[in-house]
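Undergrad: Following this line is target08.txt, made up of compact mmCIF, C-alpha atoms:
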# COMPACT_ATOMS: atom_id res chain seq x y z
CA MET A 1 -1.50 -7.65 46.15
CA THR A 2 -2.80 -4.72 44.06
CA ASP A 3 -0.68 -2.77 41.60
CA GLN A 4 -0.69 0.23 43.96
CA GLU A 5 0.46 -1.94 46.88
CA ASN A 6 3.27 -3.30 44.70
CA ILE A 7 4.33 0.27 43.96
CA GLU A 8 4.30 1.14 47.66
CA GLN A 9 6.42 -1.91 48.52
CA GLU A 10 8.97 -0.98 45.88
CA LEU A 11 9.09 2.67 46.95
CA LEU A 12 9.48 1.74 50.62
CA SER A 13 12.59 -0.23 49.69
CA PHE A 14 14.13 3.08 48.57
CA LEU A 15 13.55 4.73 51.93
CA ASN A 16 16.72 3.93 53.80
CA VAL A 17 19.74 6.07 54.51
CA ASP A 18 21.97 4.07 52.16
CA ALA A 19 19.74 4.48 49.10
CA ARG A 20 20.56 7.02 46.37
CA ASP A 21 19.25 10.52 47.07
CA ASP A 22 17.28 10.67 43.81
CA LEU A 23 15.48 7.42 44.68
CA LYS A 24 14.68 8.60 48.21
CA SER A 25 13.41 11.91 46.86
CA THR A 26 11.21 10.19 44.29
CA ALA A 27 9.71 7.86 46.89
CA LEU A 28 9.04 10.62 49.41
CA SER A 29 7.56 12.91 46.77
CA TYR A 30 5.13 10.11 45.95
CA PHE A 31 4.12 9.66 49.60
CA LEU A 32 3.84 13.42 50.09
CA GLY A 33 1.48 13.54 47.11
CA LEU A 34 -0.64 10.80 48.64
CA THR A 35 -1.32 12.99 51.70
CA ALA A 36 -3.33 15.37 49.51
CA SER A 37 -6.26 12.95 49.70
CA ALA A 38 -7.95 11.19 52.60
CA GLU A 39 -7.62 7.87 50.79
CA GLY A 40 -3.89 8.34 50.23
CA SER A 41 -3.31 9.36 53.84
CA LYS A 42 -5.25 6.34 55.05
CA PHE A 43 -3.05 4.07 52.94
CA ILE A 44 0.15 5.44 54.53
CA THR A 45 -1.18 5.27 58.09
CA SER A 46 -2.98 1.94 57.81
CA THR A 47 0.16 0.08 58.87
CA ASP A 48 2.95 1.11 61.21
CA ARG A 49 5.59 -0.09 58.76
CA CYS A 50 4.85 2.58 56.19
CA LEU A 51 4.54 5.33 58.80
CA GLU A 52 7.75 4.27 60.56
CA THR A 53 9.67 4.10 57.30
CA VAL A 54 8.68 7.65 56.32
CA ALA A 55 9.31 8.94 59.85
CA LYS A 56 12.82 7.49 60.01
CA MET A 57 13.79 9.55 56.97
CA ILE A 58 13.90 12.68 59.15
CA CYS A 59 17.35 11.40 60.15
CA ASP A 60 18.64 11.33 56.58
CA LYS A 61 21.72 13.37 55.69
CA ASN A 62 20.06 15.20 52.78
CA PRO A 63 18.05 18.29 53.92
CA SER A 64 15.62 18.01 50.99
CA VAL A 65 14.89 14.37 51.82
CA ILE A 66 14.35 15.32 55.47
CA GLU A 67 12.06 18.18 54.43
CA ASN A 68 9.80 15.95 52.34
CA ALA A 69 9.62 13.39 55.13
CA LEU A 70 8.67 16.12 57.61
CA LEU A 71 6.09 17.64 55.27
CA THR A 72 4.52 14.21 54.79
CA LEU A 73 4.25 13.82 58.57
CA VAL A 74 2.90 17.36 58.97
CA ASN A 75 0.06 16.60 56.56
CA LEU A 76 -0.68 13.23 58.14
CA SER A 77 -0.67 14.66 61.67
CA SER A 78 -3.74 16.77 60.96
CA ASP A 79 -5.50 13.53 62.02
CA MET A 80 -5.36 13.23 65.81
CA GLN A 81 -5.25 9.44 65.67
CA VAL A 82 -2.12 9.63 63.54
CA CYS A 83 -0.55 11.85 66.19
CA VAL A 84 -1.12 9.12 68.76
CA LYS A 85 0.46 6.59 66.40
CA LEU A 86 3.51 8.75 65.70
CA LEU A 87 4.19 9.22 69.40
CA ASN A 88 3.98 5.45 70.00
CA LEU A 89 5.81 3.84 67.08
CA ASP A 90 7.36 0.59 68.29
CA GLY A 91 9.94 0.71 65.53
CA TYR A 92 10.90 4.34 66.17
CA PRO A 93 10.42 5.18 69.86
CA HIS A 94 12.83 8.14 69.71
CA LEU A 95 10.97 10.14 67.05
CA LEU A 96 10.03 12.90 69.50
CA LEU A 97 13.58 13.27 70.79
CA ASP A 98 14.96 13.47 67.26
CA LEU A 99 12.44 16.20 66.43
CA LEU A 100 13.37 18.21 69.53
CA ARG A 101 17.06 17.90 68.68
CA LYS A 102 16.38 19.41 65.27
CA VAL A 103 14.75 22.43 66.92
CA ILE A 104 17.69 23.20 69.21
CA ASP A 105 20.27 22.51 66.48
CA ARG A 106 21.33 26.00 65.37
CA ASP A 107 22.42 24.66 61.98
CA SER A 108 19.26 22.69 61.19
CA ASP A 109 17.88 23.31 57.70
CA ASN A 110 14.52 21.85 58.69
CA ALA A 111 13.79 23.45 62.06
CA ASP A 112 10.69 25.37 60.94
CA THR A 113 8.95 22.34 59.46
CA THR A 114 9.91 20.39 62.57
CA CYS A 115 8.16 23.03 64.70
CA LEU A 116 5.05 22.69 62.52
CA LEU A 117 5.02 18.94 63.13
CA LEU A 118 5.55 19.34 66.89
CA ASN A 119 2.68 21.84 66.98
CA ASN A 120 0.38 19.31 65.31
CA LEU A 121 1.50 16.45 67.55
CA SER A 122 0.79 18.43 70.74
CA ARG A 123 -2.66 19.88 69.99
CA MET A 124 -4.60 17.12 71.73
CA THR A 125 -4.28 17.27 75.53
CA SER A 126 -3.48 13.57 75.87
CA CYS A 127 -0.68 13.85 73.31
CA ALA A 128 0.62 17.00 74.99
CA GLY A 129 0.72 15.03 78.24
CA THR A 130 2.74 12.27 76.60
CA ILE A 131 5.20 14.79 75.17
CA VAL A 132 5.60 16.64 78.49
CA THR A 133 6.27 13.39 80.34
CA ARG A 134 8.96 12.39 77.88
CA ILE A 135 10.56 15.84 77.86
CA LEU A 136 10.72 15.95 81.66
CA GLU A 137 12.23 12.45 81.72
CA ASN A 138 14.86 13.38 79.14
CA SER A 139 18.11 15.10 80.13
CA ASP A 140 19.04 15.93 76.54
CA VAL A 141 16.37 18.42 75.48
CA GLY A 142 14.19 19.92 78.21
CA LEU A 143 11.75 22.80 78.56
CA PRO A 144 14.52 25.23 79.64
CA GLU A 145 16.41 24.57 76.39
CA LEU A 146 13.25 25.01 74.30
CA VAL A 147 12.31 28.27 76.04
CA GLN A 148 15.86 29.53 75.60
CA VAL A 149 15.71 28.81 71.86
CA PHE A 150 12.32 30.51 71.61
CA SER A 151 13.57 33.62 73.38
CA ILE A 152 16.48 34.23 70.99
CA GLN A 153 15.64 35.84 67.66
CA ALA A 154 17.74 34.62 64.74
CA TYR A 155 18.79 31.59 66.79
CA ASN A 156 18.94 29.37 63.73
CA THR A 157 21.87 30.01 61.38
CA LYS A 158 20.02 28.70 58.31
CA GLY A 159 17.23 31.28 58.39
CA ALA A 160 14.58 29.28 60.24
CA THR A 161 12.35 31.63 62.26
CA LEU A 162 11.12 29.04 64.80
CA HIS A 163 7.88 31.01 65.21
CA PHE A 164 5.84 27.81 65.52
CA LEU A 165 7.84 26.83 68.58
CA GLY A 166 5.49 29.27 70.37
CA PRO A 167 2.23 27.40 69.76
CA PHE A 168 4.01 24.10 70.47
CA LEU A 169 5.06 25.35 73.91
CA ALA A 170 1.56 26.78 74.42
CA ASN A 171 0.08 23.36 73.69
CA LEU A 172 2.37 21.83 76.31
CA THR A 173 1.10 24.27 78.95
CA GLN A 174 -2.27 22.55 78.75
CA VAL A 175 -0.50 20.14 81.08
CA GLY A 176 -0.05 21.07 84.74
CA GLU A 177 3.47 19.63 84.96
CA ALA A 178 4.64 21.85 82.10
CA ARG A 179 3.16 24.95 83.74
CA SER A 180 4.80 24.11 87.06
CA HIS A 181 8.13 23.65 85.30
CA LEU A 182 7.86 27.00 83.51
CA LEU A 183 6.80 28.68 86.75
CA ASP A 184 9.68 27.27 88.78
CA LYS A 185 11.05 30.41 90.43
CA SER A 186 14.64 29.18 90.32
CA ARG A 187 14.66 28.77 86.53
CA GLY A 188 13.58 32.22 85.36
CA LEU A 189 11.83 30.79 82.31
CA ILE A 190 8.57 32.73 82.34
CA GLN A 191 10.44 36.05 82.29
CA LYS A 192 12.01 35.14 78.95
CA LEU A 193 8.55 35.00 77.35
CA LEU A 194 7.22 38.38 78.51
CA PRO A 195 8.74 40.57 75.74
CA PHE A 196 6.92 38.53 73.10
CA THR A 197 3.46 39.82 74.07
CA GLN A 198 4.32 42.73 71.76
CA PHE A 199 6.33 40.88 69.13
CA VAL A 200 5.16 42.56 65.92
CA VAL A 201 7.32 40.48 63.58
CA SER A 202 5.17 37.34 63.89
CA GLU A 203 1.54 36.87 64.87
CA VAL A 204 2.21 33.16 65.38
CA ARG A 205 5.05 33.72 67.84
CA ARG A 206 3.14 36.47 69.68
CA ARG A 207 -0.02 34.37 69.93
CA GLY A 208 2.01 31.45 71.26
CA ALA A 209 3.70 33.56 73.95
CA VAL A 210 0.40 35.06 75.11
CA ALA A 211 -1.22 31.61 75.22
CA ILE A 212 1.62 30.31 77.42
CA LEU A 213 1.26 33.23 79.84
CA LYS A 214 -2.52 32.88 79.93
CA ASN A 215 -2.29 29.17 80.73
CA CYS A 216 0.29 29.77 83.43
CA CYS A 217 -2.00 32.32 85.08
CA PHE A 218 -4.37 29.46 85.92
CA ASN A 219 -1.89 28.42 88.63
CA ASP A 220 -3.06 30.86 91.29
CA GLU A 221 -0.43 29.73 93.80
CA TYR A 222 2.08 31.66 91.67
CA HIS A 223 0.05 34.88 91.35
CA ARG A 224 1.95 36.81 94.02
CA TRP A 225 5.24 35.94 92.36
CA LEU A 226 3.98 36.70 88.84
CA LEU A 227 2.77 40.12 89.98
CA SER A 228 5.91 40.86 92.01
CA ASP A 229 8.81 42.96 90.75
CA GLU A 230 10.74 39.74 90.08
CA VAL A 231 8.43 38.91 87.15
CA ASP A 232 6.20 41.99 86.79
CA ILE A 233 3.74 40.32 84.45
CA LEU A 234 1.00 42.98 84.71
CA PRO A 235 2.51 45.63 82.39
CA HIS A 236 3.25 42.96 79.79
CA LEU A 237 -0.42 41.93 79.75
CA LEU A 238 -1.83 45.46 79.83
CA LEU A 239 0.48 47.18 77.35
CA PRO A 240 -0.81 45.31 74.26
CA LEU A 241 -4.35 46.31 75.31
CA ALA A 242 -3.49 49.99 75.78
CA GLY A 243 -4.15 52.63 73.16
CA PRO A 244 -2.97 56.22 72.67
CA GLU A 245 -5.49 57.75 75.08
CA GLU A 246 -4.35 60.55 77.36
CA PHE A 247 -5.21 60.48 81.06
CA ASP A 248 -5.14 63.18 83.69
CA GLU A 249 -2.06 63.40 85.88
CA ASP A 250 -3.53 61.54 88.87
CA GLU A 251 -4.73 58.59 86.76
CA MET A 252 -1.48 58.47 84.79
CA ASN A 253 0.81 58.42 87.83
CA LYS A 254 -0.92 55.36 89.27
CA LEU A 255 -0.23 53.28 86.16
CA PRO A 256 2.86 51.06 85.88
CA ASP A 257 5.76 53.05 84.41
CA ASP A 258 5.62 51.20 81.08
CA LEU A 259 2.03 52.36 80.53
CA GLN A 260 2.56 56.05 81.27
CA TYR A 261 2.72 58.69 78.53
CA LEU A 262 2.39 56.34 75.59
CA GLU A 263 3.01 57.70 72.12
CA PRO A 264 0.04 59.04 70.09
CA SER A 265 0.87 56.32 67.55
CA LYS A 266 0.40 53.50 70.11
CA GLU A 267 -1.78 50.74 68.68
CA ARG A 268 -3.60 47.95 70.46
CA GLU A 269 -3.17 44.25 69.77
CA PRO A 270 -4.88 43.81 66.36
CA LEU A 271 -5.91 40.16 66.78
CA ALA A 272 -9.18 39.61 68.64
CA ASP A 273 -8.21 36.12 69.83
CA VAL A 274 -4.93 37.38 71.28
CA ARG A 275 -6.75 40.23 73.05
CA LYS A 276 -9.14 37.67 74.48
CA MET A 277 -6.27 35.59 75.88
CA LEU A 278 -4.72 38.69 77.45
CA ILE A 279 -8.06 39.56 79.09
CA GLU A 280 -8.44 35.96 80.28
CA ALA A 281 -4.99 36.11 81.86
CA LEU A 282 -5.97 39.31 83.68
CA SER A 283 -9.18 37.66 84.80
CA GLN A 284 -7.26 34.76 86.31
CA LEU A 285 -4.95 37.13 88.17
CA CYS A 286 -8.03 38.92 89.55
CA ALA A 287 -9.29 35.71 91.11
CA THR A 288 -7.14 36.26 94.18
CA LYS A 289 -7.68 39.10 96.63
CA TYR A 290 -4.01 40.03 96.36
CA GLY A 291 -4.33 40.32 92.58
CA ARG A 292 -7.45 42.48 92.77
CA LYS A 293 -5.77 44.83 95.25
CA LEU A 294 -2.68 45.21 93.06
CA PHE A 295 -4.81 45.84 89.96
CA GLN A 296 -6.56 48.63 91.84
CA GLU A 297 -3.28 50.11 93.05
CA LYS A 298 -1.85 50.02 89.52
CA ASN A 299 -5.03 51.56 88.08
CA ALA A 300 -5.51 48.72 85.59
CA TYR A 301 -9.16 49.67 85.39
CA ILE A 302 -8.57 52.72 83.18
CA ILE A 303 -6.77 50.62 80.56
CA LEU A 304 -9.70 48.19 80.51
CA ARG A 305 -12.20 51.05 80.47
CA GLU A 306 -10.68 52.54 77.32
CA LEU A 307 -10.27 49.11 75.76
CA HIS A 308 -13.98 48.43 76.29
CA LYS A 309 -14.86 51.63 74.41
CA TRP A 310 -12.64 50.58 71.51
CA GLU A 311 -13.31 46.81 71.44
CA ASP A 312 -15.64 45.66 68.65
CA THR A 313 -15.85 41.97 69.55
CA LYS A 314 -18.80 41.08 71.79
CA GLU A 315 -17.08 38.13 73.39
CA ASN A 316 -14.15 40.32 74.36
CA LYS A 317 -16.42 43.10 75.60
CA LEU A 318 -18.15 40.63 77.91
CA ALA A 319 -14.80 39.36 79.19
CA ILE A 320 -13.69 42.93 79.93
CA GLU A 321 -16.93 43.65 81.76
CA ASN A 322 -16.45 40.59 83.94
CA VAL A 323 -12.96 41.70 84.96
CA VAL A 324 -14.06 45.29 85.60
CA ALA A 325 -17.00 44.10 87.72
CA VAL A 326 -14.62 42.22 89.99
CA LEU A 327 -12.26 45.20 90.25
CA LEU A 328 -14.91 47.83 91.00
CA GLU A 329 -16.93 45.83 93.49
CA GLU A 330 -15.14 43.50 95.89
CA PRO A 331 -17.14 40.24 95.91
CA THR A 332 -19.10 39.58 99.09
CA THR A 333 -17.56 36.21 99.94
CA GLU A 334 -15.40 34.87 102.71
CA HIS A 335 -13.09 33.37 100.09
CA SER A 336 -10.04 35.43 99.12
CA ASN A 337 -9.77 33.30 95.97
CA LEU A 338 -12.85 33.48 93.73
CA LYS A 339 -12.00 30.10 92.22
CA GLU A 340 -12.90 28.56 95.55
CA VAL A 341 -16.44 29.92 95.41
CA GLU A 342 -18.89 27.16 94.58
CA VAL A 343 -21.73 28.07 92.21
CA ASP A 344 -24.72 25.74 92.22
CA GLU A 345 -25.83 24.21 88.94
CA ALA A 346 -29.00 26.33 88.65
CA HIS A 347 -27.15 29.64 89.03
CA GLN A 348 -24.35 28.52 86.72
CA LYS A 349 -26.92 27.68 84.05
CA MET A 350 -28.56 31.08 84.53
CA PHE A 351 -25.23 32.90 84.16
CA ASP A 352 -24.39 30.87 81.04
CA ASN A 353 -27.76 31.73 79.50
CA VAL A 354 -27.31 35.44 80.22
CA ASN A 355 -23.89 35.40 78.57
CA LYS A 356 -25.20 33.45 75.60
CA GLU A 357 -28.08 35.87 75.13
CA TYR A 358 -25.69 38.82 75.25
CA LEU A 359 -23.36 37.28 72.67
CA THR A 360 -26.14 36.35 70.24
CA GLN A 361 -28.31 39.47 70.40
CA GLY A 362 -28.15 41.92 67.51
CA ASP A 363 -26.13 45.10 67.73
CA ILE A 364 -28.03 48.20 68.76
CA ASP A 365 -27.31 51.29 66.71
Would you write out, as structure tokens, the structure that this file holds?

TA:
Amino acid sequence: MTDQENIEQELLSFLNVDARDDLKSTALSYFLGLTASAEGSKFITSTDRCLETVAKMICDKNPSVIENALLTLVNLSSDMQVCVKLLNLDGYPHLLLDLLRKVIDRDSDNADTTCLLLNNLSRMTSCAGTIVTRILENSDVGLPELVQVFSIQAYNTKGATLHFLGPFLANLTQVGEARSHLLDKSRGLIQKLLPFTQFVVSEVRRRGAVAILKNCCFNDEYHRWLLSDEVDILPHLLLPLAGPEEFDEDEMNKLPDDLQYLEPSKEREPLADVRKMLIEALSQLCATKYGRKLFQEKNAYIILRELHKWEDTKENKLAIENVVAVLLEEPTTEHSNLKEVEVDEAHQKMFDNVNKEYLTQGDID
């Protein structure tokens, strides 16, 4: 056994709830330092014993000990293979549940770092699937509780913002079962997320909310409900894309009430990636004939028209043009849902090449 391995063995003996706080803090500070290098991280994750021992310290009574344990796991979970390991520790099968409990605990000192770790653990689709399955099987902490926590500002009494709960939930909506759960009409969960498309306090929370809504728009069987007065998703997707432009009376009156007579100081969503997700959500809703008809009735086109004039990102401009093309010219197909239209491989390749050429060509002054 090498000198370093002897040190690790000795330090691991300090990582138990009955050890002195100063010894636990010293040991965890050492392991946290190791995560700064690939070699150090590999040493911690090479055996389940070391990883399990560090992970179990998130249940310590000392908030600073818990924080160092969580930070160590946050750094290690940048490696996707470590995420798989953490979700399948034989010696600590309830790690995920303990993390979720920390999030919904109003008095948790470590809720923000816990959200960071959950975000990392759920980035890979397979891991997100594992997490969703366990959440849906668990009666203690479910998606309704997590959405409720996310929807309440200043939920945590210790000053945790819980902004990273947004991207964690967005990662989960990669999974169809999570989307179906959020879109369950009897639960009223999706409505709780709508106000956050314009949440100026946190880009992270706003991006997470928009990503959730965008992913849920892929479930076209819910489009009628999403566009109905019960949810009224359209204004919440269009308003962040609207600017201070003035329209004539006829155009203005056709818009949803929330988009009429906006203040001269009205600003559009500043983040290009968030604008793209909003446009993608609109594009999904336009896939159905019902959605296209409602967009036309609500005059969504003029918001997209002005956005296109203002937008400086080519990828977003192309996405806007694709939505506008569908709105202005009803596709000549017997399918009411454009997702059902089959495009042969040759034409799909041609369309992809046209888009690629557009995105890579130089700007024309």

Undergrad: When distances are computed from all atoms listed in the file, which of A:Leu227, A:Ile303, A:Ile131, A:Leu51 shows the smallest separation from A:Pro240?

TA: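 Comparing A:Leu227, A:Ile303, A:Ile131, A:Leu51 against A:Pro240, the winner is A:Ile303.
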
Undergrad: What is the distance between atom CA of A:Lys61 and atom CA of A:Ser139, in Å to one decimal?

TA: 24.8 Å

Undergrad: Could you list, as a PDB file with C-alpha atoms, keeping the file's coordinate frame, every residue within 7 Å of A:Val147, counting all atoms listed in the file and ignoring same-chain residues fewer than 4 positions away?

TA:
ATOM      1  CA  LEU A 143      11.750  22.800  78.560  1.00  0.00           C
ATOM      2  CA  SER A 151      13.570  33.620  73.380  1.00  0.00           C
ATOM      3  CA  LEU A 189      11.830  30.790  82.310  1.00  0.00           C
TER       4      LEU A 189
END

Undergrad: Need to verify the contact set: A:Asp21, 12 Å, only C-alpha atoms, exclusion of same-chain residues closer than 4 positions in sequence. Can you return it as a list in words?

TA: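 So, after excluding close chain neighbours, the residues are Phe14, Leu15, Asn16, Val17, Ser25, Thr26, Ala27, Leu28, Ser29, Met57, Asp60, Lys61, Asn62, Pro63, Ser64, Val65 and Ile66 of chain A.
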
Undergrad: To one decimal in Å, tell me the separation between atom CA of A:Leu294 and atom CA of A:Glu269.

TA: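 Atom CA of A:Glu269 lies at a distance of 23.3 Å from atom CA of A:Leu294.
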
Undergrad: Separation of atom CA of A:Gly208 and atom CA of A:Ala170, in Å?

TA: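 Separation between atom CA of A:Gly208 and atom CA of A:Ala170: 5.7 Å.
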
Undergrad: Which residues, written as an NGL selection string, have at least one atom at most 12 Å from stretch 261-266 of chain A, with only C-alpha atoms counted and residues fewer than 2 positions away on the same chain left out?

TA: :A and (198 or 239-249 or 251-259 or 268-270 or 303)

Undergrad: Given only C-alpha atoms as the basis, pick out the residue of A:Gln174, A:Gly33, A:Thr47, A:Arg101 nearest to A:Ala69.

TA: A:Gly33

Undergrad: Please identify all polymer residues within 12 Å of A:Arg187, counting all atoms listed in the file, omitting same-chain residues fewer than 4 positions from it, and present them as a PDB file with C-alpha atoms, in the frame of the given file.

TA:
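around_3.pdb, written as the output of this step:
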ATOM      1  CA  LEU A 143      11.750  22.800  78.560  1.00  0.00           C
ATOM      2  CA  PRO A 144      14.520  25.230  79.640  1.00  0.00           C
ATOM      3  CA  GLU A 145      16.410  24.570  76.390  1.00  0.00           C
ATOM      4  CA  VAL A 147      12.310  28.270  76.040  1.00  0.00           C
ATOM      5  CA  GLN A 148      15.860  29.530  75.600  1.00  0.00           C
ATOM      6  CA  SER A 180       4.800  24.110  87.060  1.00  0.00           C
ATOM      7  CA  HIS A 181       8.130  23.650  85.300  1.00  0.00           C
ATOM      8  CA  LEU A 182       7.860  27.000  83.510  1.00  0.00           C
ATOM      9  CA  LEU A 183       6.800  28.680  86.750  1.00  0.00           C
ATOM     10  CA  GLN A 191      10.440  36.050  82.290  1.00  0.00           C
ATOM     11  CA  LYS A 192      12.010  35.140  78.950  1.00  0.00           C
ATOM     12  CA  VAL A 231       8.430  38.910  87.150  1.00  0.00           C
TER      13      VAL A 231
END
